[in-house]
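Below is one structure, written out as structure tokens, with a few remarks after it.
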Amino acid sequence: MNIAGKTAIVPGASRPVGRAIAKKLAENGVNLILPTFDWPESITDMEKEFQQLGYSFLALPVDLRSEEAVKGMVMIAREHFGSLHILVNNIERGGMPALHGGYDLPHNRGQWDLEIATTLKAKWLLFHHCYPLMQESENGTVVNISSISGITGRSGAAAPFFNDAYSAANRAISSFTETWAREAAPSIRVNELQLGLIRHRHGEETRGWTAMDREEKTKIEEQCLLQRTGTPDEVASATLFLIKDADYMTGSVLRMDGGFVLGSQQVPPMPTGILGKE
């Protein structure tokens, strides 16, 4: 897919992972629509950086959990750029057990609903209301950003990171990916990038990571086959691949976790067997 001159919606661009994705697209000539909500200092910093870099972008304050707000954003996208070709469904909210603790604690009142509404409902609203505008283009692509929490849940070395509602929401995203791929074919491809522990997201440079003790961090390092967390730039490169180069992929889930899921089962030495002893 030739993406120069195309238009993309990229939520979460004020934060490191979303920003890396938005920058990668802008460097390839894509016009950006950037819905923002919280993190005001990060939003200001993003707008300043993108203006200095000369990117074509429109930042809009949007609560993506609100259907009316999403519909309004799509109308503005139509008026401003006239078309929409790319949706990077990078919207989520997860409560790290290492940071937040359990749902029963007073400060977590409403946390369950927040995780489901942001991680799951907002993704559905974005696709549902962007789809008609994307259909008007000759081709388009959607990338759902999800998490390996949908596989691991709140268990093992990942337990400090992935709360129950967040994990359940991420398992459901793959159902969206498959359904939307069927619905949108053949003109729109829909794929999923399933992330493991990424710096600034569920790795280093987060408060949850800081809250863990050395033993918990060691368990993570031992389970990850590549012995490290991922980076926002690596996520951006994988996202660009799904958008730009994966022309014969739709309904697929690309797992990018450094081998974290596979690392839960080690390969033992080959047994000598009994036949040679006979």
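Residues are named by chain letter and number: chains run A, B, ... in the order of the structure tokens, numbers start at 1 in each chain, and ligands are numbered from 1 in the order shown.
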Using backbone DSSP assignments, extract all helix (DSSP H, G or I) residues from stretch 53-229 of chain A; output them as a count of residues only.
91
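DSSP secondary structure from the backbone places Gly140, Thr141, Val142, Val143, Asn144, Ile145, Ser146, Ser147, Ile188, Arg189, Val190, Asn191 and Glu192 of chain A of stretch 101-192 of chain A in strand (DSSP E).
Note that atom CA of A:Gly95 and atom CA of A:Glu178 are 26.2 Å apart.
Between A:Ala185 and the residues A:Phe57, A:Trp209, A:Tyr131, A:Tyr166, the shortest atom-to-atom distance, using only C-alpha atoms, involves A:Tyr131.
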List every residue of stretch 80-137 of chain A that has an atom at most 10 Å from any atom of stretch 242-250 of chain A, and for each one report the closest atom pair and its distance in Å to one decimal, counting only C-alpha atoms, with rows sorted by chain and then by increasing residue number, as JSON lines.
```
{"residue": "A:His85", "atom": "CA", "partner": "A:Ile243", "partner_atom": "CA", "distance": 9.9}
{"residue": "A:Ile86", "atom": "CA", "partner": "A:Ile243", "partner_atom": "CA", "distance": 7.6}
{"residue": "A:Leu87", "atom": "CA", "partner": "A:Ile243", "partner_atom": "CA", "distance": 9.3}
{"residue": "A:Val88", "atom": "CA", "partner": "A:Ile243", "partner_atom": "CA", "distance": 9.0}
```
Contacts of A:Asp38 at 12 Å or less, counting only C-alpha atoms, minus same-chain residues fewer than 2 places along, as a PyMOL selection string?
chain A and resi 11-15+35-36+40-44+60-64+93
Next, write the just-selected residues to a file, as a PDB file, in the first residue's frame, keeping C-alpha atoms as the atom set.
```pdb
ATOM      1  CA  PRO A  11      -5.006   7.683  19.169  1.00  0.00           C
ATOM      2  CA  GLY A  12      -2.523   7.870  22.025  1.00  0.00           C
ATOM      3  CA  ALA A  13       0.088   9.828  20.089  1.00  0.00           C
ATOM      4  CA  SER A  14       0.955  11.957  23.104  1.00  0.00           C
ATOM      5  CA  ARG A  15       2.416   8.866  24.813  1.00  0.00           C
ATOM      6  CA  PRO A  35      -7.391  12.299  19.165  1.00  0.00           C
ATOM      7  CA  THR A  36      -6.196  13.329  22.627  1.00  0.00           C
ATOM      8  CA  PRO A  40      -2.009  17.531  29.041  1.00  0.00           C
ATOM      9  CA  GLU A  41       1.749  18.060  29.365  1.00  0.00           C
ATOM     10  CA  SER A  42       2.432  15.201  26.964  1.00  0.00           C
ATOM     11  CA  ILE A  43      -0.113  16.571  24.493  1.00  0.00           C
ATOM     12  CA  THR A  44       1.546  19.986  24.515  1.00  0.00           C
ATOM     13  CA  LEU A  60      -8.386  16.974  18.610  1.00  0.00           C
ATOM     14  CA  PRO A  61      -9.586  16.577  22.205  1.00  0.00           C
ATOM     15  CA  VAL A  62     -11.828  13.482  22.045  1.00  0.00           C
ATOM     16  CA  ASP A  63     -13.142  11.086  24.675  1.00  0.00           C
ATOM     17  CA  LEU A  64     -13.076   7.925  22.569  1.00  0.00           C
ATOM     18  CA  ARG A  93      -6.406   1.664  29.790  1.00  0.00           C
TER      19      ARG A  93
END
```
Let me make sure I understand: among A:Ala181, A:Ala26, A:Leu226, A:Ala159, which one has the smallest atom-to-atom distance to A:Leu53 if we use only C-alpha atoms?
A:Ala26
Need the shell around A:Lys71: protein/DNA/RNA residues with any atom at most 9 Å away, counting only C-alpha atoms. Skip same-chain ones fewer than 2 positions apart. Format as an mmCIF file with N, CA and C atoms, in the first residue's frame?
```
data_model
loop_
_atom_site.group_PDB
_atom_site.id
_atom_site.type_symbol
_atom_site.label_atom_id
_atom_site.label_comp_id
_atom_site.auth_asym_id
_atom_site.auth_seq_id
_atom_site.Cartn_x
_atom_site.Cartn_y
_atom_site.Cartn_z
ATOM 1 N N SER A 66 -16.922 7.908 24.118
ATOM 2 C CA SER A 66 -18.199 8.551 23.819
ATOM 3 C C SER A 66 -18.526 8.406 22.346
ATOM 4 N N GLU A 67 -19.673 7.824 22.041
ATOM 5 C CA GLU A 67 -20.062 7.637 20.643
ATOM 6 C C GLU A 67 -20.217 8.972 19.926
ATOM 7 N N GLU A 68 -20.835 9.939 20.570
ATOM 8 C CA GLU A 68 -21.035 11.241 19.935
ATOM 9 C C GLU A 68 -19.706 11.926 19.664
ATOM 10 N N ALA A 69 -18.756 11.775 20.592
ATOM 11 C CA ALA A 69 -17.440 12.390 20.404
ATOM 12 C C ALA A 69 -16.706 11.751 19.233
ATOM 13 N N MET A 73 -15.536 13.505 15.693
ATOM 14 C CA MET A 73 -14.158 13.479 15.197
ATOM 15 C C MET A 73 -14.113 13.015 13.742
ATOM 16 N N VAL A 74 -14.888 11.999 13.387
ATOM 17 C CA VAL A 74 -14.899 11.498 12.017
ATOM 18 C C VAL A 74 -15.435 12.564 11.065
ATOM 19 N N MET A 75 -16.430 13.338 11.495
ATOM 20 C CA MET A 75 -16.947 14.422 10.670
ATOM 21 C C MET A 75 -15.870 15.468 10.412
ATOM 22 N N ILE A 76 -15.104 15.789 11.461
ATOM 23 C CA ILE A 76 -14.014 16.763 11.304
ATOM 24 C C ILE A 76 -12.947 16.215 10.369
ATOM 25 N N LEU A 125 -16.023 1.546 18.849
ATOM 26 C CA LEU A 125 -16.577 2.819 18.401
ATOM 27 C C LEU A 125 -15.739 3.418 17.273
ATOM 28 N N LEU A 126 -14.422 3.353 17.416
ATOM 29 C CA LEU A 126 -13.551 3.907 16.384
ATOM 30 C C LEU A 126 -13.751 3.192 15.049
ATOM 31 N N HIS A 129 -17.409 3.768 13.446
ATOM 32 C CA HIS A 129 -17.720 5.077 12.872
ATOM 33 C C HIS A 129 -16.688 5.544 11.841
ATOM 34 N N CYS A 130 -15.491 4.950 11.845
ATOM 35 C CA CYS A 130 -14.515 5.262 10.800
ATOM 36 C C CYS A 130 -14.759 4.447 9.531
#
```
If you take only C-alpha atoms and a cut-off of 12 Å, which residues of stretch 173-193 of chain A touch stretch 97-120 of chain A, and what are their nearest atom pairs and distances in Å to one decimal, in chain and number order, as a Markdown table?
```
| residue | atom | partner | partner_atom | distance |
| --- | --- | --- | --- | --- |
| A:Ile173 | CA | A:Leu120 | CA | 6.9 |
| A:Ser174 | CA | A:Leu120 | CA | 10.6 |
| A:Ser175 | CA | A:Leu120 | CA | 10.9 |
| A:Phe176 | CA | A:Leu120 | CA | 9.2 |
| A:Thr177 | CA | A:Leu120 | CA | 11.7 |
```
Can those selected residues be exported to a file as a JSON list (two decimals), in the first residue's frame so that it contains N, CA and C atoms?
```json
[["chain", "number", "residue", "atom", "x", "y", "z"],
["A", 173, "ILE", "N", -10.34, -8.59, 21.77],
["A", 173, "ILE", "CA", -9.91, -7.81, 20.61],
["A", 173, "ILE", "C", -9.67, -8.70, 19.40],
["A", 174, "SER", "N", -9.15, -9.91, 19.62],
["A", 174, "SER", "CA", -8.91, -10.81, 18.50],
["A", 174, "SER", "C", -10.21, -11.20, 17.81],
["A", 175, "SER", "N", -11.30, -11.27, 18.56],
["A", 175, "SER", "CA", -12.60, -11.51, 17.94],
["A", 175, "SER", "C", -12.98, -10.34, 17.04],
["A", 176, "PHE", "N", -12.75, -9.12, 17.50],
["A", 176, "PHE", "CA", -12.98, -7.94, 16.66],
["A", 176, "PHE", "C", -12.16, -8.04, 15.37],
["A", 177, "THR", "N", -10.88, -8.37, 15.52],
["A", 177, "THR", "CA", -9.98, -8.42, 14.36],
["A", 177, "THR", "C", -10.52, -9.36, 13.30]]
```
Fewer than 6 positions away in the same chain doesn't count, so skip those; otherwise give me all residues within 8 Å of A:Gln223, counting only C-alpha atoms, as a PyMOL selection string.
chain A and resi 157+259-261+263-264
Compare A:Gly72, A:Pro186, A:Pro268, A:Gly82 by their minimum atom-to-atom distance to A:Asn31, counting only C-alpha atoms, and give me the closest one.
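Smallest separation from A:Asn31 among the options: A:Gly82.
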State, in Å with one decimal place, the distance from atom CA of A:Ala236 to atom CA of A:Asn139.
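Separation between atom CA of A:Ala236 and atom CA of A:Asn139: 21.0 Å.
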Could you name the residues that touch A:Ile151 at 9 Å or less, counting only C-alpha atoms, but leaving out those on the same chain fewer than 3 positions away, as a ChimeraX atom specification?
/A:147-148,167,170-171,261
